[in-house]
Amino acid sequence: MLWQGSQALRRFSTGQVYFKNKLKVALIGQSLFGQEVYSHLCKEGHRVVGVFTVPDKDGKADPLALAAEKNGTPVFKFPRWRVKGKTIKEVAEAYRSVGAELNVLPFCTQFIPMDVIDSPKHGSIIYHPSILPRHRGASAINWTLIMGDKKAGFSVFWADDGLDTGPILLQRSCDVEPNDTVDALYNRFLFPEGIKAMVEAVQLIADGKAARMPQSEEAATYEGIQKKENAEISWDQSAEALHNWIRGHDKVPGAWTEINGQVVTFYGSSLLNSSIPPGEPLEIKGAKKPGLVTKSGLVLFGNNGKALMVRNLQFEDGKMIPASQYFSAGETSVLELTAEEVKVAETIKVIWAGILSNVPVIEDSTDFFKSGASSMDVVRLVEEIRQKCGGLQLQNEDVYMATKFEDFIQKVVRKLRGEDQEAELVVDYVSKEVNEMTVKMPYQCFINGQFTDADDGKTYDTINPTDGSTICKVSYASLVDVDKAVAAAKDAFENGEWGRMNARERGILMYRLADLLEENQEELATIEALDSGAVYTLALKTHIGMSVQTFRYFAGWCDKIQGSTIPINQARPNRNLTFTRKEPLGVCAIIIPWNYPLMMLAWKSAACLAAGNTLVLKPAQVTPLTALKFAELSVKAGFPKGVINIIPGSGGIAGQRLSEHPDIRKLGFTGSTLIGKQIMKSCAVSNLKKVSLELGGKSPLIIFSDCELDKAVRMGMGAVFFNKGENCIAAGRLFVEESIHDEFVTRVVEEIKKMKIGDPLDRSTDHGPQNHKAHLEKLLQYCEAGVKEGATLVYGGRQVQRPGFFMEPTVFTDVEDHMYLAKEESFGPIMVISKFQNGDIDGVLQRANNTEYGLASGVFTRDINKAMYVSEKLEAGTVFINTYNKTDVAAPFGGVKQSGFGKDLGEEALNEYLKTKTVTLEY
C-alpha cells in the first residue's frame, strides 16, 4: 500500500510535465551554451537521440560532448558536413540513423547541408545572437556593440542555408548599457535567457504552437565575421565610437593600434565621465591627441574632445599588462627564487600539467591558452592554487596577464612577497562645495582594500532628491565584482591578519573607526542629506550619531564574547569537561535599505565585525555614497584588506548573487517582505546559509482617551513623519479612542501646517524630500487608492510644487479595517487614523494585531495596568509605551511574523553572527 501511495503521489506531482508533448531531438552545436541547452531539454523530458559536435581540440572534448557522453547519448564528432557544397554521405547516414524529429542548433559554427536541415519531421531551429534581421552573420554580438545599438537580443529562427534569413520563431531583447562588453551581454542576457528560449521553442514546436514569422528586409544587415586584420582602430571618431569599436572586439579578435612601432591590442574599455586624471602622455599612431597613461588605465581621446579609458593592453608576443603599467612594463627583473618559492613553483607546475593534459611537459615557454586552456580552466587554476599553495589568492586576470609558465611563476612570487601591493589607498573622489565645506565622495567599488571600477566598467547615476540632479556616477557591480569581493573576504578570514587577530585588537580597530566616523560626522551628514534627502540636523543626530554609538557599543563586546562550561554525566571512572565556544561564521553578506544608509550599515556590520567575521556589503542602489565613504575610513582605521568590501549596484544582480554564493555563511537583510522571502529561498537552496531578516511593517499605535494628549500628538506625529516617514518602525496605523479622535486630528493638522518643507541642508527645515522619484510616485498612488476606497483625506496627499521629490505630510481618517490603507505599509509621511469605541481594549487589540506584520507598536495611556496589558497582547518585536522611535544600541531590535526574524543591536545581535561549538574532553 505504501509503495502504491508513493507512486500515485509521484504521478500527481509530476503529471504536468509528464503529459506535455515531447520530441526526439538531434542537437547540433558546441560550447557550454550547447551543453546547457542539452541538459535543460533532457530535464524537460525531451529525448536527445544524438549530439553532433566538433572533434576534440588539443585533446580536449567540447563541453556538449562531455555532457552527452556522461549521459549515454550517442555523440558524433564531424569536422565538416559537406565538401565543395555537397553533403558527405557517411556523415548524412550517421545523422539519419538517430531518427530525429527536430534539429536544434545552439551556437552552431558549422555549415549544415539543407538536406539535413530539412530532414526531420519538424525541420531545424537555430539560435542567433541578434534581433534579426539586423546583424545577420557570424559576429552578431560584436556588431551590436560596434554599431552602438541601444538594444541587443537574440532570435530563434527556422534554419535556412546559412544566411540567417529563415522565419522567426521567437525573439528576446534587452537594453545595451554604456559600458557593456560582449562578455557582459552574453553573461547577463544572451546566455541565460537564450537557453530558456531554446527550450521554450522546442516545447512550442512539440505542442504545435510555434510561430513562423517571415523576416522583413527592412533594416536588414549582413556583416561577416570580424578578423584581426580588420580590427585596427580608426582614430578620427568620437569617444563613444572608439569605445564601441574597442568593446565590440573584446575579447575576440581585439581592437588594435600601433604604438612605438608595435601592434598593441586594447581591452576593457569604458567611457570616462569624470575629470581626466593626471598621467604621462603616450603617442599613438594616427591619433591626433596623445593618450594618457594614468594610475587607473590608458585615457584615449575622441575627435569630440571626450575621453574613454582602457584597462589592459596586449603586445604582439601575447603578453598582457595593465594599461597603467605601460611605461614600467619592461622594467621588471627576473626574481631569484628561494627554496620555499621553488616548492610553490613545482606545485603550480603539477597543477598546470593536470589542466593541460595534452601537453607532454610543462616548460618555461608553455603558454596556458595556446596549449588549449579555456576560461573555465582559468577558474580551475586559480582555485587549485588557492587550495594547494597555502591559500594564495590570485585573480583570474593574473592568468591573462602572464600566460607563459615562466611569467606566471614570476607573478606568483611577486604576489607572495607582497611586491604587487599598493603602498597606500588611492581614492578617486567626486568633490562638491556644499554646506560650507568640500565634500569628497568615493564612487567606485571597494574590494580587497582598494577602490576599483566595476569589472565591466559599468556605472549608474545617483540622484540628489532635493532637486533631481545627478550627484555623480557610481560603479555598478557585476557578478564578477561580487565574486571578487567574496573571495577577498574569504581569504581575509581564512588566511589574513584578521583571522589571526585577537579579540581585543579587533575592538581597538572598531573604536578607532568609531572615532573617525565622529571626526567626519559633518561631511558624512552632508553626504547623507545629498544622497538620501535626510534633513541635515537629523542626519547628524541619528543617521551618523547612532552609527558612531553602534560601533563603540560593539567594539566593547569584542573581548567579552564567551562560551560556558556545562556539567554533564561523567563517564566513570574517567571524568569529562564540556564547554562551548562562540566562533565567527566566516564571510557574511549584508544588504541594507535606503532610508538610513549609514545607520543600517552600522547596525549590521558592527555586530558582524565584533564577532570576528569578514563582510561584503551591498548598499541600496539609490544611496551608496556614505557606505563608500565608510570604506575609506575603515582603511584609515587600519582594517586589513578584504575584511570590509562594499559593492554598490542592483539587488537583482549583486544582491541575488550574494544570496546564492556558496562561500557566504550568513546574510543579513533589511528591506521589503517580498524581497526577504526571495532571499531566504535563495539562501536555503544555495548552501543553507544563516539568515536574519528585518522586513516590512504596519506598526499599530493605540491612543487611549486617558493619555497625555499634548505628548500623544507630538509623539504620534513623530511616529509617522520622522525621517519623512521613511522609517521601518513608523506607525502605519493610529487607533484613536472615539472621545478624543476629533481633537487629536485637529491638533495634528495644526502642527503639520507649522512644519517647514524644504532643503534638507537648511537648519530650519523640518521635512525634506522623499528618497527617490519612484518612491514619491508610489506614495501618491497610495493616497489615490485611499481616496477611491472612501477614506477621508484630511490634509496633504499631493506632491509639493517645487523641484525635487517633496510630498506634503498627509492625514487620512475614517480608515476601515478592510481598506488598502489599513493593510499595506506606505513607508512615507502618511498618517492613517482609525477610530475605536470608548473602552474597547480587547477590540482595538484584535484590530491592531490583524496584520501579517509585527515589527513595532505603541500605546499612549496614563493607566499603567492598561499599558502593561496592551504591551503583553500586542504582537510585535518592540512595544513603545508613552513614547515612540526610542531605539538604543543596547536594546535588541527586530520583528515577528512577516516582519522577519533575528535581531539587530544589543547582545542578541552578536548571536546572529556567531556559531556555538560544543567541546567535550575526557581526563
# chains A, B, ... in the order shown; residues from 1 in each chain; ligands from 1
$ select_by_dssp --residues "region 624-745 of chain A" --states "alpha helix (DSSP H)" --output "PyMOL selection string"
chain A and resi 625-637+656-660+673-687+709-721+738-745
$ residues_around --residues "Lys484 (chain A)" --least-positions-apart "4" --cutoff "10 Å" --atoms "only C-alpha atoms" --output "ChimeraX atom specification"
/A:394-396,447-448,455,478-480,488-490,642,645
$ write_last_selection --atoms "N, CA, C and O atoms" --output "PDB file, in the first residue's frame"
ATOM      1  N   LEU A 394      44.793  34.397  -6.019  1.00  0.00           N
ATOM      2  CA  LEU A 394      45.021  35.034  -7.310  1.00  0.00           C
ATOM      3  C   LEU A 394      43.691  35.479  -7.888  1.00  0.00           C
ATOM      4  O   LEU A 394      42.630  34.995  -7.504  1.00  0.00           O
ATOM      5  N   GLN A 395      43.752  36.388  -8.832  1.00  0.00           N
ATOM      6  CA  GLN A 395      42.568  36.789  -9.580  1.00  0.00           C
ATOM      7  C   GLN A 395      42.664  36.184 -10.984  1.00  0.00           C
ATOM      8  O   GLN A 395      43.759  35.894 -11.480  1.00  0.00           O
ATOM      9  N   ASN A 396      41.506  35.992 -11.617  1.00  0.00           N
ATOM     10  CA  ASN A 396      41.503  35.452 -12.982  1.00  0.00           C
ATOM     11  C   ASN A 396      42.389  36.279 -13.899  1.00  0.00           C
ATOM     12  O   ASN A 396      43.074  35.742 -14.776  1.00  0.00           O
ATOM     13  N   ILE A 447      36.905  46.788  -2.959  1.00  0.00           N
ATOM     14  CA  ILE A 447      37.147  45.345  -2.907  1.00  0.00           C
ATOM     15  C   ILE A 447      38.596  45.089  -2.506  1.00  0.00           C
ATOM     16  O   ILE A 447      39.524  45.649  -3.094  1.00  0.00           O
ATOM     17  N   ASN A 448      38.777  44.271  -1.490  1.00  0.00           N
ATOM     18  CA  ASN A 448      40.110  43.880  -1.034  1.00  0.00           C
ATOM     19  C   ASN A 448      41.001  45.081  -0.725  1.00  0.00           C
ATOM     20  O   ASN A 448      42.174  45.115  -1.078  1.00  0.00           O
ATOM     21  N   ASP A 455      34.049  45.603 -12.875  1.00  0.00           N
ATOM     22  CA  ASP A 455      34.806  44.802 -13.830  1.00  0.00           C
ATOM     23  C   ASP A 455      34.481  45.149 -15.273  1.00  0.00           C
ATOM     24  O   ASP A 455      35.359  45.182 -16.120  1.00  0.00           O
ATOM     25  N   SER A 478      29.219  44.095 -10.967  1.00  0.00           N
ATOM     26  CA  SER A 478      28.806  42.937 -11.766  1.00  0.00           C
ATOM     27  C   SER A 478      28.946  41.674 -10.928  1.00  0.00           C
ATOM     28  O   SER A 478      29.437  41.698  -9.803  1.00  0.00           O
ATOM     29  N   LEU A 479      28.542  40.558 -11.494  1.00  0.00           N
ATOM     30  CA  LEU A 479      28.719  39.271 -10.821  1.00  0.00           C
ATOM     31  C   LEU A 479      30.197  39.006 -10.553  1.00  0.00           C
ATOM     32  O   LEU A 479      30.559  38.455  -9.508  1.00  0.00           O
ATOM     33  N   VAL A 480      31.048  39.423 -11.478  1.00  0.00           N
ATOM     34  CA  VAL A 480      32.492  39.244 -11.291  1.00  0.00           C
ATOM     35  C   VAL A 480      32.967  40.013 -10.066  1.00  0.00           C
ATOM     36  O   VAL A 480      33.765  39.515  -9.261  1.00  0.00           O
ATOM     37  N   ALA A 488      37.884  37.887  -1.638  1.00  0.00           N
ATOM     38  CA  ALA A 488      38.755  38.700  -0.779  1.00  0.00           C
ATOM     39  C   ALA A 488      38.372  38.542   0.685  1.00  0.00           C
ATOM     40  O   ALA A 488      39.237  38.405   1.561  1.00  0.00           O
ATOM     41  N   ALA A 489      37.068  38.554   0.969  1.00  0.00           N
ATOM     42  CA  ALA A 489      36.603  38.391   2.346  1.00  0.00           C
ATOM     43  C   ALA A 489      36.943  37.002   2.874  1.00  0.00           C
ATOM     44  O   ALA A 489      37.336  36.847   4.044  1.00  0.00           O
ATOM     45  N   LYS A 490      36.824  36.006   2.031  1.00  0.00           N
ATOM     46  CA  LYS A 490      37.128  34.627   2.439  1.00  0.00           C
ATOM     47  C   LYS A 490      38.617  34.466   2.748  1.00  0.00           C
ATOM     48  O   LYS A 490      39.015  33.840   3.743  1.00  0.00           O
ATOM     49  N   GLY A 642      40.378  43.199   2.632  1.00  0.00           N
ATOM     50  CA  GLY A 642      39.447  42.097   2.465  1.00  0.00           C
ATOM     51  C   GLY A 642      38.445  41.928   3.577  1.00  0.00           C
ATOM     52  O   GLY A 642      37.464  41.196   3.423  1.00  0.00           O
ATOM     53  N   ASN A 645      34.201  44.898   2.421  1.00  0.00           N
ATOM     54  CA  ASN A 645      34.070  45.082   0.975  1.00  0.00           C
ATOM     55  C   ASN A 645      32.708  45.699   0.699  1.00  0.00           C
ATOM     56  O   ASN A 645      31.698  45.238   1.236  1.00  0.00           O
TER      57      ASN A 645
END
$ select_by_dssp --residues "region 476-609 of chain A" --states "strand (DSSP E)" --output "ChimeraX atom specification"
/A:565-566,576-584,587-591
$ atom_distance --atom1 "CA of Phe836 (chain A)" --atom2 "CA of Ser672 (chain A)"
29.2 Å
$ closest_residue --among "A:Gly638, A:Gly796, A:Pro769, A:Gly391" --to "Gly533 (chain A)" --atoms "only C-alpha atoms"
A:Pro769
$ residues_around --residues "Val299 (chain A)" --least-positions-apart "4" --cutoff "10 Å" --atoms "only C-alpha atoms" --output "number ranges by chain"
A: 269-272, 276-282, 290-294, 307-311, 323-324
$ write_last_selection --atoms "all heavy atoms" --output "compact mmCIF listing (two decimals), in the first residue's frame"
# COMPACT_ATOMS: atom_id res chain seq x y z
N SER A 269 37.43 48.58 -22.19
CA SER A 269 37.14 49.99 -22.44
C SER A 269 35.92 50.44 -21.65
O SER A 269 34.97 49.69 -21.45
CB SER A 269 36.88 50.20 -23.94
OG SER A 269 36.45 51.52 -24.18
N SER A 270 35.94 51.70 -21.20
CA SER A 270 34.77 52.32 -20.59
C SER A 270 34.80 53.81 -20.88
O SER A 270 35.88 54.40 -21.00
CB SER A 270 34.74 52.07 -19.08
OG SER A 270 35.90 52.60 -18.46
N LEU A 271 33.63 54.40 -21.02
CA LEU A 271 33.56 55.84 -21.23
C LEU A 271 33.97 56.56 -19.95
O LEU A 271 33.60 56.14 -18.85
CB LEU A 271 32.14 56.25 -21.64
CG LEU A 271 31.71 55.80 -23.04
CD1 LEU A 271 30.22 56.04 -23.24
CD2 LEU A 271 32.51 56.52 -24.12
N LEU A 272 34.72 57.62 -20.09
CA LEU A 272 35.21 58.37 -18.92
C LEU A 272 34.31 59.57 -18.72
O LEU A 272 34.30 60.51 -19.52
CB LEU A 272 36.66 58.82 -19.15
CG LEU A 272 37.38 59.39 -17.94
CD1 LEU A 272 37.52 58.35 -16.86
CD2 LEU A 272 38.77 59.89 -18.35
N ILE A 276 39.53 64.20 -16.13
CA ILE A 276 40.69 63.47 -16.65
C ILE A 276 41.75 63.39 -15.56
O ILE A 276 42.21 64.42 -15.06
CB ILE A 276 41.27 64.18 -17.90
CG1 ILE A 276 40.19 64.41 -18.95
CG2 ILE A 276 42.43 63.35 -18.47
CD1 ILE A 276 39.57 63.14 -19.49
N PRO A 277 42.14 62.18 -15.16
CA PRO A 277 43.17 62.07 -14.11
C PRO A 277 44.55 62.42 -14.66
O PRO A 277 44.78 62.37 -15.87
CB PRO A 277 43.09 60.58 -13.72
CG PRO A 277 42.55 59.89 -14.94
CD PRO A 277 41.64 60.87 -15.61
N PRO A 278 45.47 62.78 -13.79
CA PRO A 278 46.83 63.09 -14.26
C PRO A 278 47.52 61.84 -14.77
O PRO A 278 47.24 60.72 -14.33
CB PRO A 278 47.51 63.63 -12.99
CG PRO A 278 46.75 63.04 -11.86
CD PRO A 278 45.33 62.92 -12.34
N GLY A 279 48.46 62.01 -15.71
CA GLY A 279 49.16 60.86 -16.26
C GLY A 279 50.29 61.28 -17.18
O GLY A 279 50.57 62.47 -17.37
N GLU A 280 50.92 60.29 -17.81
CA GLU A 280 52.07 60.52 -18.70
C GLU A 280 51.63 60.33 -20.14
O GLU A 280 51.02 59.30 -20.49
CB GLU A 280 53.17 59.52 -18.34
CG GLU A 280 54.50 59.84 -19.01
CD GLU A 280 55.63 58.94 -18.48
OE1 GLU A 280 55.42 58.27 -17.44
OE2 GLU A 280 56.69 58.92 -19.12
N PRO A 281 51.93 61.31 -21.03
CA PRO A 281 51.47 61.22 -22.42
C PRO A 281 52.06 60.01 -23.15
O PRO A 281 53.20 59.60 -22.90
CB PRO A 281 51.97 62.53 -23.04
CG PRO A 281 52.23 63.44 -21.89
CD PRO A 281 52.65 62.55 -20.75
N LEU A 282 51.27 59.45 -24.07
CA LEU A 282 51.71 58.31 -24.88
C LEU A 282 51.29 58.55 -26.32
O LEU A 282 50.10 58.65 -26.63
CB LEU A 282 51.07 57.01 -24.36
CG LEU A 282 51.38 55.75 -25.17
CD1 LEU A 282 52.87 55.42 -25.10
CD2 LEU A 282 50.55 54.57 -24.67
N PRO A 290 47.72 62.68 -28.00
CA PRO A 290 48.34 61.54 -27.30
C PRO A 290 47.40 60.95 -26.25
O PRO A 290 46.57 61.64 -25.67
CB PRO A 290 49.58 62.15 -26.64
CG PRO A 290 49.82 63.42 -27.37
CD PRO A 290 48.49 63.92 -27.82
N GLY A 291 47.55 59.65 -26.01
CA GLY A 291 46.87 59.03 -24.89
C GLY A 291 47.53 59.46 -23.59
O GLY A 291 48.55 60.17 -23.58
N LEU A 292 46.96 59.02 -22.49
CA LEU A 292 47.46 59.42 -21.17
C LEU A 292 47.50 58.17 -20.29
O LEU A 292 46.46 57.58 -19.98
CB LEU A 292 46.54 60.47 -20.57
CG LEU A 292 47.12 61.47 -19.56
CD1 LEU A 292 48.26 62.27 -20.19
CD2 LEU A 292 46.03 62.40 -19.06
N VAL A 293 48.71 57.76 -19.89
CA VAL A 293 48.86 56.60 -19.01
C VAL A 293 48.68 57.08 -17.58
O VAL A 293 49.49 57.83 -17.05
CB VAL A 293 50.22 55.91 -19.19
CG1 VAL A 293 50.36 54.75 -18.22
CG2 VAL A 293 50.38 55.41 -20.63
N THR A 294 47.57 56.65 -16.94
CA THR A 294 47.25 57.08 -15.58
C THR A 294 47.27 55.88 -14.64
O THR A 294 47.41 54.73 -15.09
CB THR A 294 45.86 57.73 -15.54
OG1 THR A 294 44.86 56.70 -15.64
CG2 THR A 294 45.67 58.72 -16.67
N ALA A 307 36.48 61.56 -23.62
CA ALA A 307 37.53 60.56 -23.37
C ALA A 307 36.93 59.20 -23.00
O ALA A 307 35.77 59.08 -22.62
CB ALA A 307 38.45 61.05 -22.25
N LEU A 308 37.79 58.19 -23.14
CA LEU A 308 37.47 56.84 -22.70
C LEU A 308 38.69 56.27 -22.00
O LEU A 308 39.80 56.81 -22.12
CB LEU A 308 37.03 55.96 -23.87
CG LEU A 308 38.06 55.75 -25.00
CD1 LEU A 308 37.91 54.36 -25.60
CD2 LEU A 308 37.81 56.79 -26.11
N MET A 309 38.50 55.20 -21.26
CA MET A 309 39.58 54.57 -20.51
C MET A 309 39.73 53.12 -20.94
O MET A 309 38.74 52.39 -21.05
CB MET A 309 39.28 54.64 -19.01
CG MET A 309 40.31 53.96 -18.12
SD MET A 309 41.68 55.04 -17.68
CE MET A 309 40.90 56.12 -16.47
N VAL A 310 40.97 52.69 -21.17
CA VAL A 310 41.26 51.28 -21.48
C VAL A 310 42.08 50.72 -20.32
O VAL A 310 43.06 51.33 -19.89
CB VAL A 310 42.03 51.16 -22.81
CG1 VAL A 310 42.56 49.75 -22.99
CG2 VAL A 310 41.11 51.53 -23.97
N ARG A 311 41.68 49.53 -19.84
CA ARG A 311 42.33 48.99 -18.63
C ARG A 311 43.52 48.09 -18.93
O ARG A 311 44.47 48.06 -18.17
CB ARG A 311 41.31 48.21 -17.79
CG ARG A 311 40.25 49.08 -17.16
CD ARG A 311 39.55 48.37 -16.00
NE ARG A 311 38.98 47.09 -16.39
CZ ARG A 311 37.79 46.93 -16.95
NH1 ARG A 311 37.06 47.98 -17.22
NH2 ARG A 311 37.34 45.72 -17.26
N ALA A 323 47.10 48.62 -18.38
CA ALA A 323 47.49 49.79 -19.16
C ALA A 323 48.24 50.81 -18.31
O ALA A 323 49.09 51.55 -18.81
CB ALA A 323 46.25 50.43 -19.79
N SER A 324 47.94 50.83 -17.02
CA SER A 324 48.61 51.77 -16.11
C SER A 324 50.10 51.48 -15.98
O SER A 324 50.86 52.34 -15.54
CB SER A 324 47.95 51.72 -14.73
OG SER A 324 48.03 50.41 -14.20
$ closest_residue --among "A:Thr221, A:Asn569, A:Ser130, A:Asn613" --to "Ile644 (chain A)" --atoms "only C-alpha atoms"
A:Asn613
$ closest_residue --among "A:Gln770, A:Leu425, A:Met831, A:Gly697" --to "Gly877 (chain A)" --atoms "only C-alpha atoms"
A:Gly697
$ residues_around --residues "Asn723 (chain A)" --least-positions-apart "4" --cutoff "10 Å" --atoms "only C-alpha atoms" --output "list of chain:residue names"
A:Gly533, A:Ala534, A:Val535, A:Leu538, A:Ala539, A:Thr542, A:His543, A:Asn595, A:Tyr596, A:Gly718, A:Ala719, A:Asn727, A:Ala730, A:Asp766, A:His767, A:Gly768, A:Pro769, A:Gln770, A:Asn771, A:Gly828, A:Pro829
$ write_last_selection --atoms "N, CA and C atoms" --output "tab-separated table (two decimals), in the first residue's frame"
chain	number	residue	atom	x	y	z
A	533	GLY	N	18.32	62.59	1.03
A	533	GLY	CA	17.31	63.60	1.35
A	533	GLY	C	17.08	63.79	2.82
A	534	ALA	N	17.92	63.16	3.67
A	534	ALA	CA	17.75	63.30	5.11
A	534	ALA	C	17.99	64.75	5.54
A	535	VAL	N	17.14	65.25	6.43
A	535	VAL	CA	17.36	66.58	7.00
A	535	VAL	C	18.70	66.57	7.73
A	538	LEU	N	18.89	66.05	11.50
A	538	LEU	CA	18.52	64.68	11.87
A	538	LEU	C	19.63	63.71	11.49
A	539	ALA	N	20.25	63.94	10.34
A	539	ALA	CA	21.35	63.07	9.91
A	539	ALA	C	22.50	63.13	10.90
A	542	THR	N	20.98	61.30	14.27
A	542	THR	CA	20.51	59.91	14.17
A	542	THR	C	21.31	59.10	13.16
A	543	HIS	N	21.30	59.51	11.91
A	543	HIS	CA	21.97	58.74	10.87
A	543	HIS	C	23.45	58.52	11.22
A	595	ASN	N	16.73	54.07	3.56
A	595	ASN	CA	16.17	55.12	4.41
A	595	ASN	C	17.17	55.65	5.44
A	596	TYR	N	18.04	54.77	5.98
A	596	TYR	CA	19.11	55.21	6.89
A	596	TYR	C	20.41	54.56	6.38
A	718	GLY	N	5.65	62.32	15.36
A	718	GLY	CA	6.99	61.78	15.17
A	718	GLY	C	6.96	60.33	14.73
A	719	ALA	N	5.98	59.57	15.26
A	719	ALA	CA	5.86	58.16	14.91
A	719	ALA	C	5.57	57.96	13.43
A	727	ASN	N	10.74	55.20	7.54
A	727	ASN	CA	11.16	54.69	8.83
A	727	ASN	C	10.52	53.32	9.02
A	730	ALA	N	7.82	53.13	11.57
A	730	ALA	CA	6.82	54.19	11.55
A	730	ALA	C	5.45	53.62	11.90
A	766	ASP	N	12.10	71.12	8.56
A	766	ASP	CA	11.53	70.01	9.33
A	766	ASP	C	11.33	68.76	8.46
A	767	HIS	N	11.08	68.99	7.17
A	767	HIS	CA	10.61	67.88	6.32
A	767	HIS	C	11.30	67.98	4.95
A	768	GLY	N	12.14	67.01	4.64
A	768	GLY	CA	12.88	67.02	3.38
A	768	GLY	C	12.20	66.21	2.29
A	769	PRO	N	12.92	65.98	1.18
A	769	PRO	CA	12.33	65.26	0.05
A	769	PRO	C	12.29	63.75	0.31
A	770	GLN	N	11.38	63.09	-0.38
A	770	GLN	CA	11.37	61.62	-0.34
A	770	GLN	C	12.64	61.12	-1.03
A	771	ASN	N	13.01	59.91	-0.73
A	771	ASN	CA	14.34	59.41	-1.09
A	771	ASN	C	14.59	59.39	-2.60
A	828	GLY	N	6.04	56.25	4.07
A	828	GLY	CA	6.13	57.67	3.76
A	828	GLY	C	5.34	58.48	4.76
A	829	PRO	N	5.26	59.81	4.56
A	829	PRO	CA	4.66	60.72	5.55
A	829	PRO	C	3.13	60.73	5.47
$ decode --residues "region 243-261 of chain A" --atoms "N, CA and C atoms" --output "CSV table (one decimal), in the first residue's frame"
chain,number,residue,atom,x,y,z
A,243,HIS,N,35.0,53.8,-28.2
A,243,HIS,CA,34.7,52.9,-27.2
A,243,HIS,C,33.9,51.7,-27.7
A,244,ASN,N,32.9,52.0,-28.6
A,244,ASN,CA,32.1,50.9,-29.2
A,244,ASN,C,33.0,50.0,-30.0
A,245,TRP,N,33.9,50.5,-30.7
A,245,TRP,CA,34.8,49.7,-31.6
A,245,TRP,C,35.6,48.8,-30.7
A,246,ILE,N,36.2,49.3,-29.6
A,246,ILE,CA,37.1,48.5,-28.7
A,246,ILE,C,36.3,47.5,-28.0
A,247,ARG,N,35.2,47.9,-27.4
A,247,ARG,CA,34.4,46.9,-26.6
A,247,ARG,C,33.7,45.9,-27.5
A,248,GLY,N,33.4,46.3,-28.7
A,248,GLY,CA,32.8,45.3,-29.7
A,248,GLY,C,33.8,44.2,-30.1
A,249,HIS,N,35.1,44.4,-30.0
A,249,HIS,CA,36.1,43.5,-30.4
A,249,HIS,C,36.7,42.7,-29.2
A,250,ASP,N,36.2,43.0,-28.0
A,250,ASP,CA,36.8,42.5,-26.7
A,250,ASP,C,36.0,41.2,-26.4
A,251,LYS,N,36.5,40.0,-26.2
A,251,LYS,CA,38.0,39.7,-26.2
A,251,LYS,C,38.5,39.2,-27.6
A,252,VAL,N,37.6,38.9,-28.5
A,252,VAL,CA,38.0,38.4,-29.8
A,252,VAL,C,37.4,39.3,-30.9
A,253,PRO,N,38.2,39.7,-31.9
A,253,PRO,CA,39.6,39.4,-32.1
A,253,PRO,C,40.5,40.5,-31.5
A,254,GLY,N,39.9,41.5,-30.9
A,254,GLY,CA,40.7,42.5,-30.2
A,254,GLY,C,41.0,43.7,-31.1
A,255,ALA,N,40.6,44.9,-30.7
A,255,ALA,CA,40.9,46.1,-31.4
A,255,ALA,C,42.3,46.6,-31.2
A,256,TRP,N,43.0,47.0,-32.2
A,256,TRP,CA,44.4,47.2,-32.1
A,256,TRP,C,44.8,48.5,-32.7
A,257,THR,N,46.0,49.0,-32.4
A,257,THR,CA,46.6,50.1,-33.0
A,257,THR,C,48.1,50.0,-32.9
A,258,GLU,N,48.9,50.9,-33.4
A,258,GLU,CA,50.3,50.8,-33.4
A,258,GLU,C,50.9,51.9,-32.4
A,259,ILE,N,51.7,51.4,-31.5
A,259,ILE,CA,52.4,52.3,-30.5
A,259,ILE,C,53.9,52.0,-30.5
A,260,ASN,N,54.7,53.0,-30.8
A,260,ASN,CA,56.2,52.8,-30.9
A,260,ASN,C,56.6,51.7,-31.8
A,261,GLY,N,55.9,51.5,-32.9
A,261,GLY,CA,56.2,50.5,-33.9
A,261,GLY,C,55.8,49.1,-33.6
